[in-house]
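Only one structure is covered here, and it is reproduced in the block below.
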Amino acid sequence: MSTALNPRDGAGVRRGAGLPKWSLWAVAAGSLALAVGIGLVAGLTSHVQWGLIAALLFVLGTYAVAARAEGRRQAKDRVATALVWVAFLLAVVPLVSLVWTTVSRGVKVLDGYFLSHSMGLVADSEPGGGIYHAILGSLEQVGLATAIGAPIGVLTAIYLVEYGRGRLALAVTFFVDVMTGIPSIVAGLFILSLMLILDLQPFGFAGSLALAILMMPVVVRSTEEMLKLVPNELREASLALGIPKWRTILKVVLPTSLGGITTGVMLAIARIAGETAPVLLLVFGNPFINANPFEGAQASLPLYIYQQYAQSAGAGVAYDRAWAASLTLIAFVMILNLVARGIARWKAPKTGR
């Protein structure tokens with residue numbers, strides 16, 4: 001087997017030679033072992049530091065091994081792949097750690113009784129109680145916010161994509177961008193100022209209004225991008241048949257992008273489901289069941305978690321209830337994401353073979 005000299009590599013490279021599949025696994029194992037040794041010798045007690053050292057050693061080791069066996073050009077490609085894997089692990093490890101911690105601590109009190117009862121007359125320092133009132137409040141508040149924010153967001157996106165021209169469209173785009181970055185507490189303070197002017201007491205619908213403000217720019221941006229993906233040929237073909245523009249949007253554009261729009265709305269719902277600041281200001285919390293969002297204080301899952309953790313001092317039954325409610329909220333958001341993916345796949349345009 002001949003050896004070709006690559007002037008850019010600066011070394012002889014064996015044609016057809018390459019690293020075996022197990023070689024990178026061996027480099028990874030060696031990097032991890034060496035990182036542990038360095039951590040022990042240097043007195044590093046954090047596993048995060050060990051992981052970062054192992055990642056750096058893995059990238060350097062990959063380049064050294066690949067450069068010797070395959071040449072520097074192929075080594076650069078393998079280093080880029082190694083960096084992608086390292087970035088992936090850096091993103092996944094904290095997520096897995098968060099989920100594992102929440103599950104391991106949340107399952108202590110999470111059962112049917114916990115999901116079907118409220119705190120009622122149970123003090124924060126006493127065992128028992130549940131989150132039924134918080135689940136009911138969150139569903140009502142998020143549902144009302146969706147009923148307000150989703151239609152307004154979709155219609156605004158339709159205007160910007162299909163009709164928006166001139167200064168008005170620029171102004172709407174500017175304010176949507178501004179609203180996308182506003183903190184949730186600002187939306188809560190805005191609704192709170194209106195409540196003070198009208199002399200209103202805390203109630204669930206006030207929290208829904210603040211959540212709708214946070215939801216609308218997310219829906220506008222996601223819907224706008226989905227509408228832009230619809231080919232102009234479809235619009236032109238419909239208009240060429242004499243169909244009015246509004247009917248073209250209703251019958252052609254929206255059905256084509258319905259999967260993406262639904263996904264964007266679901267993700268916006270998942271985003272507002274965990275907001276605590278506006279709910280704390282406007283809904284105020286209630287240990288009893290209040291099924292009327294238009295009268296009286298209500299509870300919600302994020303607010304329940306905050307209140308239980310604040311009363312727990314890092315231990316006790318309130319601490320366990322806070323973790324169980326956190327696990328319930330994560331499960332709720334996960335279900336929404338799965339539903340969004342299912343709808344997107346169901347409504348995706350069918351492609352023929």
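Just remember, in the structure tokens the first chain shown is A, the second B, etc., residues are 1-based per chain, and ligands are 1-based in the order shown.
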Contacts of stretch 61-177 of chain A with stretch 26-38 of chain A up to 12 Å, shortest pair per row, only C-alpha atoms, as JSON lines:
```
{"residue": "A:Gly61", "atom": "CA", "partner": "A:Val27", "partner_atom": "CA", "distance": 6.4}
{"residue": "A:Thr62", "atom": "CA", "partner": "A:Val27", "partner_atom": "CA", "distance": 6.7}
{"residue": "A:Tyr63", "atom": "CA", "partner": "A:Val27", "partner_atom": "CA", "distance": 10.2}
{"residue": "A:Ala64", "atom": "CA", "partner": "A:Val27", "partner_atom": "CA", "distance": 10.1}
{"residue": "A:Val65", "atom": "CA", "partner": "A:Val27", "partner_atom": "CA", "distance": 8.4}
{"residue": "A:Ala66", "atom": "CA", "partner": "A:Val27", "partner_atom": "CA", "distance": 10.6}
{"residue": "A:Ala82", "atom": "CA", "partner": "A:Ala28", "partner_atom": "CA", "distance": 10.0}
{"residue": "A:Trp85", "atom": "CA", "partner": "A:Ala28", "partner_atom": "CA", "distance": 11.2}
{"residue": "A:Val86", "atom": "CA", "partner": "A:Ala28", "partner_atom": "CA", "distance": 10.7}
```
Residues from last step as file, N, CA and C atoms, as a short mmCIF file (atom, residue, chain, number, x, y, z; two decimals), in the first residue's frame:
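So the final result, stored in selection.cif, reads:
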```cif
data_model
loop_
_atom_site.label_atom_id
_atom_site.label_comp_id
_atom_site.auth_asym_id
_atom_site.auth_seq_id
_atom_site.Cartn_x
_atom_site.Cartn_y
_atom_site.Cartn_z
N GLY A 61 -6.73 15.04 22.42
CA GLY A 61 -6.34 13.68 22.08
C GLY A 61 -6.87 13.24 20.73
N THR A 62 -8.10 13.65 20.40
CA THR A 62 -8.65 13.32 19.09
C THR A 62 -7.81 13.91 17.98
N TYR A 63 -7.41 15.16 18.15
CA TYR A 63 -6.59 15.79 17.11
C TYR A 63 -5.23 15.09 16.98
N ALA A 64 -4.62 14.78 18.12
CA ALA A 64 -3.29 14.17 18.07
C ALA A 64 -3.34 12.79 17.41
N VAL A 65 -4.30 11.98 17.78
CA VAL A 65 -4.40 10.63 17.21
C VAL A 65 -4.76 10.69 15.73
N ALA A 66 -5.73 11.54 15.38
CA ALA A 66 -6.16 11.62 13.99
C ALA A 66 -5.08 12.22 13.10
N ALA A 82 -15.76 16.28 17.34
CA ALA A 82 -15.59 16.12 18.78
C ALA A 82 -16.14 17.33 19.54
N TRP A 85 -19.88 17.00 19.81
CA TRP A 85 -20.27 16.04 20.84
C TRP A 85 -20.06 16.62 22.24
N VAL A 86 -18.98 17.35 22.43
CA VAL A 86 -18.73 17.97 23.74
C VAL A 86 -19.81 19.00 24.06
#
```
Filtered DSSP result for stretch 25-173 of chain A, state helix (DSSP H, G or I), as a PyMOL selection string: chain A and resi 25-42+47-70+72-106+112-116+132-163+166-173
A:Ala325 surroundings by only C-alpha atoms, 8 Å radius, close-in-sequence under 6 positions cut, as a list in words: Gly106, Ile131, Leu301, Tyr304 and Ile305 of chain A
Residue contacts of A:Tyr132 (10 Å, only C-alpha atoms) excluding same-chain residues fewer than 5 positions away, as a list of chain:residue names: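 Skipping anything fewer than 5 positions along the chain leaves A:Tyr113, A:Phe114, A:Leu115, A:Ser116, A:His117, A:Ser118, A:Met119, A:Gly137, A:Ser138, A:Pro287, A:Phe288, A:Ile289, A:Ala299, A:Ser300, A:Leu301.
Computed from the coordinates, the atom CA of A:Trp246 to atom CA of A:Leu209 distance equals 29.1 Å.
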Spatial neighbours of stretch 256-271 of chain A, max dist 7 Å, only C-alpha atoms, sep filter under 6 positions, as a list in words: Thr146, Ala150, Met215, Val218, Val219, Ser222, Thr223, Met226, Leu227, Val230, Val333, Leu336, Asn337, Ala340, Arg341, Ile343, Ala344, Lys347, Ala348 and Pro349 of chain A
Contact residues around A:Ser184 with only C-alpha atoms at 10 Å, ignoring same-chain residues under 5 positions, as a VMD selection string: chain A and resid 179 189 210 to 211 213 to 214 272 275 to 279
Nearest residue to A:Ala187 from the set A:Thr102, A:Leu280, A:Gly112, A:Val122 (distances using only C-alpha atoms):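 The answer is A:Leu280, which sits nearest to A:Ala187.
Close contacts of stretch 317-320 of chain A, defined as residues with an atom at most 8 Å away when counting only C-alpha atoms, with chain neighbours fewer than 2 positions off set aside, comprise Arg105, Gly106, Lys108, Val109, Asp124, Ser125, Glu126, Pro127, Gln308, Tyr309, Gln311, Ser312, Ala313, Gly314, Ala315, Ala322, Trp323 and Ala324 of chain A.
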